[in-house]
Amino acid sequence: MSAIDRTPLHAWLGRKLGLPASSEPGPESLAAYQLDKLRHTVSYVRQHSPFYRKHLAGLPVDVLGSLPDLARLPFTTEQDLREHHLGMLCVSQGQVARVVTLNTSGTTAAPKRLYFSDADLETTLDFFHHGMATMVQPGGRVLILLPGATPDSVGDLLARALARMQVTGVVHGPVGDPQAALEHAEGADCLVGIPVQVLAMAEQPGADKLRGAIKSVLLTTDYVPQALARRVEATWGCEVFEHYGMTETGLGAGVDCRAHQGYHLRAADLYYEVVEPASGAPLPPGEEGELVLTTLTRSAMPLVRYRTGDLGRLLPGPCPCGGFTPRLDRVPGRLSNRLNLGKGDLLPMWLLDEALFAVPGLLDYRAALRLQDGGYCLELTVQAAEDVHPTLAAEVEEALAEVSALTHGDIAPGPIEISHQAWSDDGTGKRSFLSTAG
Ligand SMILES: [Zn+2]
């Protein structure tokens with residue numbers, strides 16, 4: 001028996017693979033299952049989706065002799081989700097239980113649209129149910145700080161999944177007023193929310209009253225700066241877990257276990273490849289590149305080799321928890337969420353996140369890079385509580401100086417503005433650089 005609780009997704013995967021209870025899932029049984037599901041998915045979309053029929057035309061029927069053969073198929077792109085979503089639909093409109101429309105903030109591009117059937121939503125519920133067993137026990141109470149007002153929205157699905165394990169899920173919704181959310185958290189032993197919003201709650205006066213009561217926190221929808229997670233842990237003495245997923249994965253995709261060494265993937269439903277972003281060439285396990293997703297069990301709108309735009313790497317070797325499922329290393333964010341400094345230098349947002357969220361009192365920030373005298377100037381607006389200490393700006397400057405990309409690159413520190421107003425985001429919980437305008 002491992003000293004660390006094994007991820008409940010290990011036993012879940014064994015059941016999904018149809019293995020007898022006496023048999024453990026392993027690389028061979030998973031590979032055989034995934035190859036079978038990939039073949040089914042490819043044949044299914046060629047039969048039911050006008051888009052994929054055309055997209056995959058010319059490929060032999062038995063194109064998938066082995067898992068690596070998947071690389072012979074063309075990619076599906078975000079652009080395809082904008083322009084051809086109806087052609088990607090494999091069921092009648094009457095069989096669609098939920099449509100999710102995703103607008104890209106600040107652009108006039110057509111929205112991405114994704115369709116899910118009842119069976120698709122059921123696979124998400126099942127993953128949420130067994131994934132949440134990592135951190136909550138029957139009889140527990142979870143405050144859900146995610147959108148949940150609409151049927152089949154993420155918060156609604158999570159609450160229903162929790163009910164399957166006799167856990168009460170209370171949907172609060174995204175945090176507009178951290179003090180009100182904190183009051184609502186009384187009686188909960190687990191919180192699920194967006195990193196900066198949960199941090200704002202943890203930094204409220206009186207937040208430490210819930211110390212010992214809140215035993216676990218699951219952070220999701222955006223990159224989780226480790227400095228931020230440590231501050232949340234420090235307030236409540238809780239264990240912080242992380243979830244990775246996107247609408248395209250059917251919301252859930254992976255969750256870490258008590259070993260906290262990567263996300264155990266939802267491998268019965270999702271197949272991941274990692275490719276070199278520029279060439280699209282497959283990369284070996286352990287190397288970082290763009291995550292490419294193929295759905296294995298989706299019926300309304302399966303995705304074949306979808307370029308997620310997220311950076312990541314698959315972790316080689318077994319997890320210390322003893323659980324077998326492929327693991328994804330912490331996802332450092334979107335390929336697009338990096339400022340191009342020229343000469344091949346990139347400043348990824350996560351690097352700033354790690355430096356800045358370590359500053360006590362900082363709740364959130366916005367960064368913009370401006371051209372100035374042939375170089376770049378980094379302007380920051382920092383959000384902090386009203387009673388913030390007078391040295392905050394100096395501490396932010398100090399933290400910035402630690403970021404090696406800043407000290408090596410041609411970036412001058414610009415003005416640091418302190419704001420006490422929480423800004424409203426676009427509702428997705430995703431943070432990004434404001435602009436690279438000159
Ligand atoms: Zn594990």
# chains A, B, ... in the order shown; residues from 1 in each chain; ligands from 1
call {"tool": "residues_around", "arguments": {"residues": "Ala300 (chain A)", "least_positions_apart": "3", "cutoff": "12 Å", "atoms": "only C-alpha atoms", "output": "PyMOL selection string"}}
result
chain A and resi 41+44-45+48-49+85-99+114-121+250+295-297+303
call {"tool": "select_by_dssp", "arguments": {"residues": "region 356-399 of chain A", "states": "alpha helix (DSSP H)", "output": "VMD selection string"}}
result
chain A and resid 356 392 to 399
call {"tool": "closest_residue", "arguments": {"among": "A:His243, A:His264, A:Arg334, A:Arg298", "to": "ligand 1", "atoms": "only C-alpha atoms and all ligand atoms"}}
result
A:His264
call {"tool": "residues_near_ligand", "arguments": {"ligand": "ligand 1", "cutoff": "6 Å", "atoms": "only C-alpha atoms and all ligand atoms", "output": "JSON, numbers by chain"}}
result
{"A": [7, 257, 259, 319, 320, 321, 323]}
call {"tool": "atom_distance", "arguments": {"atom1": "CA of Ala71 (chain A)", "atom2": "CA of Gly58 (chain A)"}}
result
15.0 Å
call {"tool": "residues_around", "arguments": {"residues": "Leu157 (chain A)", "least_positions_apart": "2", "cutoff": "9 Å", "atoms": "only C-alpha atoms", "output": "ChimeraX atom specification"}}
result
/A:121,124-125,128,148,151-155,159-162
call {"tool": "residues_around", "arguments": {"residues": "Ile416 (chain A)", "least_positions_apart": "5", "cutoff": "7 Å", "atoms": "only C-alpha atoms", "output": "ChimeraX atom specification"}}
result
/A:379-381,393
call {"tool": "residues_around", "arguments": {"residues": "Leu35 (chain A)", "least_positions_apart": "6", "cutoff": "12 Å", "atoms": "only C-alpha atoms", "output": "PyMOL selection string"}}
result
chain A and resi 17+27-29+41-42+62-70+267-271+294-296
call {"tool": "atom_distance", "arguments": {"atom1": "CA of Pro178 (chain A)", "atom2": "CA of Ile144 (chain A)"}}
result
13.4 Å
call {"tool": "closest_residue", "arguments": {"among": "A:Asp353, A:Asp177, A:Glu290, A:Glu183", "to": "Ala399 (chain A)", "atoms": "only C-alpha atoms"}}
result
A:Asp353
call {"tool": "residues_around", "arguments": {"residues": "Ala180 (chain A)", "least_positions_apart": "6", "cutoff": "12 Å", "atoms": "only C-alpha atoms", "output": "CSV table (one decimal) with all heavy atoms, in the first residue's frame"}}
result
chain,number,residue,atom,x,y,z
A,145,LEU,N,-17.7,27.6,-6.8
A,145,LEU,CA,-17.5,29.0,-7.1
A,145,LEU,C,-17.3,29.1,-8.6
A,145,LEU,O,-16.4,29.8,-9.1
A,145,LEU,CB,-16.3,29.5,-6.4
A,145,LEU,CG,-16.4,29.4,-4.8
A,145,LEU,CD1,-15.1,29.4,-4.2
A,145,LEU,CD2,-17.3,30.4,-4.2
A,172,HIS,N,-22.4,28.5,-5.8
A,172,HIS,CA,-22.4,29.9,-5.4
A,172,HIS,C,-22.3,30.7,-6.7
A,172,HIS,O,-22.8,31.8,-6.8
A,172,HIS,CB,-21.2,30.2,-4.5
A,172,HIS,CG,-21.0,31.6,-4.2
A,172,HIS,ND1,-21.6,32.3,-3.2
A,172,HIS,CD2,-20.2,32.5,-4.9
A,172,HIS,CE1,-21.2,33.6,-3.2
A,172,HIS,NE2,-20.4,33.7,-4.2
A,173,GLY,N,-21.5,30.2,-7.7
A,173,GLY,CA,-21.2,31.0,-8.9
A,173,GLY,C,-19.9,31.6,-8.7
A,173,GLY,O,-19.3,31.6,-7.6
A,174,PRO,N,-19.3,32.3,-9.8
A,174,PRO,CA,-18.1,33.0,-9.7
A,174,PRO,C,-18.1,34.0,-8.6
A,174,PRO,O,-19.2,34.6,-8.3
A,174,PRO,CB,-17.9,33.6,-11.1
A,174,PRO,CG,-18.8,32.7,-12.0
A,174,PRO,CD,-19.9,32.3,-11.1
A,186,GLU,N,-19.2,29.0,4.9
A,186,GLU,CA,-19.3,28.4,6.3
A,186,GLU,C,-20.0,27.1,6.2
A,186,GLU,O,-21.1,27.0,5.5
A,186,GLU,CB,-20.0,29.4,7.2
A,186,GLU,CG,-19.0,30.4,7.8
A,186,GLU,CD,-19.6,31.4,8.7
A,186,GLU,OE1,-20.4,30.9,9.6
A,186,GLU,OE2,-19.3,32.6,8.6
A,200,ALA,N,-8.7,35.8,-3.4
A,200,ALA,CA,-9.4,37.0,-2.9
A,200,ALA,C,-10.1,36.6,-1.6
A,200,ALA,O,-10.1,37.4,-0.6
A,200,ALA,CB,-10.3,37.6,-3.9
A,201,MET,N,-10.8,35.5,-1.6
A,201,MET,CA,-11.5,35.0,-0.4
A,201,MET,C,-10.5,34.7,0.7
A,201,MET,O,-10.8,35.1,1.9
A,201,MET,CB,-12.3,33.7,-0.7
A,201,MET,CG,-13.5,34.0,-1.6
A,201,MET,SD,-14.2,32.4,-2.1
A,201,MET,CE,-14.8,31.7,-0.6
A,204,GLN,N,-9.4,37.8,2.6
A,204,GLN,CA,-10.4,38.7,3.3
A,204,GLN,C,-10.1,38.7,4.8
A,204,GLN,O,-9.7,37.7,5.3
A,204,GLN,CB,-11.8,38.1,3.0
A,204,GLN,CG,-12.4,38.4,1.7
A,204,GLN,CD,-12.6,39.8,1.3
A,204,GLN,OE1,-13.2,40.5,2.1
A,204,GLN,NE2,-12.0,40.3,0.3
A,205,PRO,N,-10.5,39.8,5.4
A,205,PRO,CA,-10.4,39.8,6.9
A,205,PRO,C,-11.3,38.8,7.4
A,205,PRO,O,-12.4,38.6,6.9
A,205,PRO,CB,-10.9,41.3,7.2
A,205,PRO,CG,-10.9,42.1,6.0
A,205,PRO,CD,-10.9,41.1,4.8
A,206,GLY,N,-10.9,38.0,8.4
A,206,GLY,CA,-11.7,37.0,9.0
A,206,GLY,C,-11.7,35.7,8.3
A,206,GLY,O,-12.4,34.7,8.7
A,207,ALA,N,-10.9,35.6,7.2
A,207,ALA,CA,-10.9,34.3,6.4
A,207,ALA,C,-10.4,33.2,7.3
A,207,ALA,O,-10.8,32.0,7.1
A,207,ALA,CB,-10.1,34.5,5.1
